[in-house]
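First up is the structure itself, then whatever we jot down about it.
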Amino acid sequence: MEWRPAEFQQQAWQAIDAGADGLVNAPTGSGKTYSVLLPLLMRYAQQEKTIKGIRILWLTPIRALAKEIQLSAMRVIETAQLPLTIGIRSGDTHAAERAKQKRKQPNILITTPESLHLMLCAKGCHELLAGVEAIIADEWHELMGTKRGVQVELAISRIKTLAPSIQIWGISATIGNLKEAMQCLLSKEREDRGHLIRSSLRKKIEVISILPAKAERMPWAGHLGIHLAKELLPILRSSTSTLIFTNVRSQCEIWYRKLLELAPELAGVMAMHHGSISKEIRQWVEEALYDGRLKVVVCTSSLDLGVDFAPVETIVQIGGPKGISRFVQRAGRSGHRPDAMSTIYFLPTHSLELIEAAALRQAISEDFLENKIPLQLCFDVLVQYLVTLATGDGFRADEIFAEIKNTTCYGSITEEEWKWIIAFTSHGGHALRSYEDYRKLQRIEEVYYISNARLARKHRMSIGTIVSDTLMVVKLMRGGTLGHVEESFITQLNEGDNFWFAGLNLELVRIKEMVATVRKSKKPDGRSPVWLGGRLPLTSNMSVMLRTKMEEAAADDNTSRSNEVELNFIQPIMQLQRERSHIPKRNELLIELFETKEGHHAVFYPFEGRAVHEGLAALIAYRLGKIYPCSFSLAYNDYGFELLSNQPIRIDEGLSQGIISTSHIERDVLAGINSSELARRKFRDIAAISGLVFNGYPGQKIKDRHLQSSSQLIFDVFEQYEGNNLLLRQAYDEVIHQQLELSRTHEALARMSSQHIIIQRPDRPTPLSFPIMVDRMREQMSSEALLARIEKMTLDWDD
């Protein structure tokens, strides 16, 4: 069949040929990569001379995507016989390859934000980047709204000065606020000349829910999914190849192990892929999947983006993805052609999650994708960036200030804040100026340079904004490296203990420095690693759709849900909820009050997501405490939150005195939580990014508890002696605006205040309240004790 370019591809080619900047938005598998790549490459078709230096910088958010971009470019270069070379530079690039690139740079360099900043801190980076003609931010929706996206903004601001005629293009598949995304990428001075090119193609996605034998009347999160593994096997066997997406790495390990246990014949044709597995294993999995040697891959977001695995036929999502764009992105891994149907199976981890499946189906049909909000005033990234520039060719403060003022992140920075940043980066500011390690910069004839080689070396080791718990290498006694697990997990094990990692049953032999030596084991039992920060927040768009579907599920007849198999399936749960309490409609706020042996419960159902509910629970508990003496235990999930007290909760009095008022939200939220402790935790990451603490050299990593204590000490010093410290202010801002999502909390309270409030007093917990109670107990009990307790609770309350 003859291939013809799509209309959006032709529009992009014309815009790029005309020298314009812009953003291309098109569904996964529709050819958006070639819409930008082809015109950039073909401008060299008539050149016969050898082209020197980097001409095209292609930024990718994940390393797995780099290989695919390289293969796509090589096909064009070889077919058209273009005089171009291409290379990859990322954290997976071997030292020998980096040395080769240093001697002779490829014309097209595919790299990550972190590796690009490493180039900026090299001597001679001005000459290295002065010839760049185009920079492309691939999967821009994945970077925007993160500190890695801020790194891209800063890098582009510098390269535009070094190469003024550079073209800037973004590529994105799943994002709602496209115009804002383009403006963020291009910066203020170019936003008016940007071309937003959208494909008219709409990806066809079929969502099929895997239903359990029956809907349990008292559902709780986490237990159902693995029990449906047997239902998944016929799908795997009938598909040529399948990607099974889990939301977290620990879930990935558990599912791989369970499927191998149920279907031993999958050994050899099933693999696992997540960010903590070694790069050698990940690369093998990607190649084997691309070549069709693998039938099943259990993975996380490490395979979310852009990698064109044409053989993939089927996608499975384990549990609610918590975001519409994320779900669409994963669905697009199958049917990776413009005209192909993408099929995605939704496997719930508890019955109520089936409402999310119905919500996702409607959101896809309405193209109701989330917005990505650009970050503002990330001072920790700016401090790191200035040291990066000083490590390379140095920088002039006035020149860099003018550059960053044109970025979205730092457009509102004041001259006073800028002077503070320069002073802090130079000598550690008021509180730390006496310590040599914080006196990083020196000024010579208006140019700032790094003060000594040791600090420069430490900085190069620390470039990046992805901060996690300290990672320990997992290495076989007779074999290679399997990957990395967090120190907090591995140090809980004793020598001889078993654990599962990278699909292998392992026995811990010894821990020396930051290496856990292991050997394969045949013992039947073992724990799976747990990585911190695993829970995904429910997006605002998912909250809207969830409330819509909950209202449909509340209908007494099936007229409004006749085509929704999920809503019909969970009717036993909904019927029990009706009998004991009420199912809230979109214009209603349900509050349940009941008493158990634990005490007095008040459960609110805003359906706004766990992060927002955390702030709402603290806010309302604080406001009730101001009305009368009381104390609460708090619990929350994506559907609601619980206040538990040893005395009756005076909700009517609280509502009459404005506990859901929008007045003084920030003040009351901060007063209702341990804001200093939350800010301390945030400050650990800020301290690492800004270089206040050092993670250690390769093979000599500093233990996590030492990093934590060091950052807490600095936090306390700033609190006591330098209250105007911008990094300290940033820690509190991130707690309020990112962790607790204050803007969404304000919107939620405004909506709750306008809703019809329904207070129910059931004589026992309801199906909606039960999973919230289980989440609270999960943090207090071992797995075995929790299961026993839940079984007893279910017998007591499900009758």
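Scheme for the structure tokens: letters A, B, ... for chains in order shown; per-chain residue numbers from 1; ligand numbers from 1 in order shown.
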Every residue of region 171-255 of chain A that DSSP places in strand (DSSP E), as a VMD selection string:
chain A and resid 171 to 172 194 to 198 205 to 209 242 to 245
Nearest to Thr465 (chain A) by atom-to-atom distance, counting only C-alpha atoms, from A:Leu347, A:Val152, A:Leu538, A:Met182:
A:Val152
Restrict the calculation to only C-alpha atoms, then for each residue of region 373-468 of chain A with any atom at most 8 Å from an atom of region 183-186 of chain A give the closest atom pair and their distance in Å to one decimal, rows by chain and rising residue number, as a tab-separated table.
```
residue	atom	partner	partner_atom	distance
A:Pro374	CA	A:Cys184	CA	7.2
A:Thr407	CA	A:Cys184	CA	7.1
A:Thr408	CA	A:Cys184	CA	5.5
```
Export, as a PDB file, in the first residue's frame, the selected residues with N, CA, C and O atoms.
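Dumped to result-v4.pdb:
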```
ATOM      1  N   PRO A 374       2.677  24.400  34.354  1.00  0.00           N
ATOM      2  CA  PRO A 374       4.119  24.662  34.492  1.00  0.00           C
ATOM      3  C   PRO A 374       4.473  25.044  35.930  1.00  0.00           C
ATOM      4  O   PRO A 374       3.700  25.722  36.617  1.00  0.00           O
ATOM      5  N   THR A 407      11.836  32.660  30.580  1.00  0.00           N
ATOM      6  CA  THR A 407      11.256  31.332  30.765  1.00  0.00           C
ATOM      7  C   THR A 407       9.943  31.444  31.524  1.00  0.00           C
ATOM      8  O   THR A 407       9.680  32.424  32.223  1.00  0.00           O
ATOM      9  N   THR A 408       9.121  30.411  31.401  1.00  0.00           N
ATOM     10  CA  THR A 408       7.849  30.386  32.140  1.00  0.00           C
ATOM     11  C   THR A 408       8.098  30.235  33.633  1.00  0.00           C
ATOM     12  O   THR A 408       7.440  30.885  34.447  1.00  0.00           O
TER      13      THR A 408
END
```
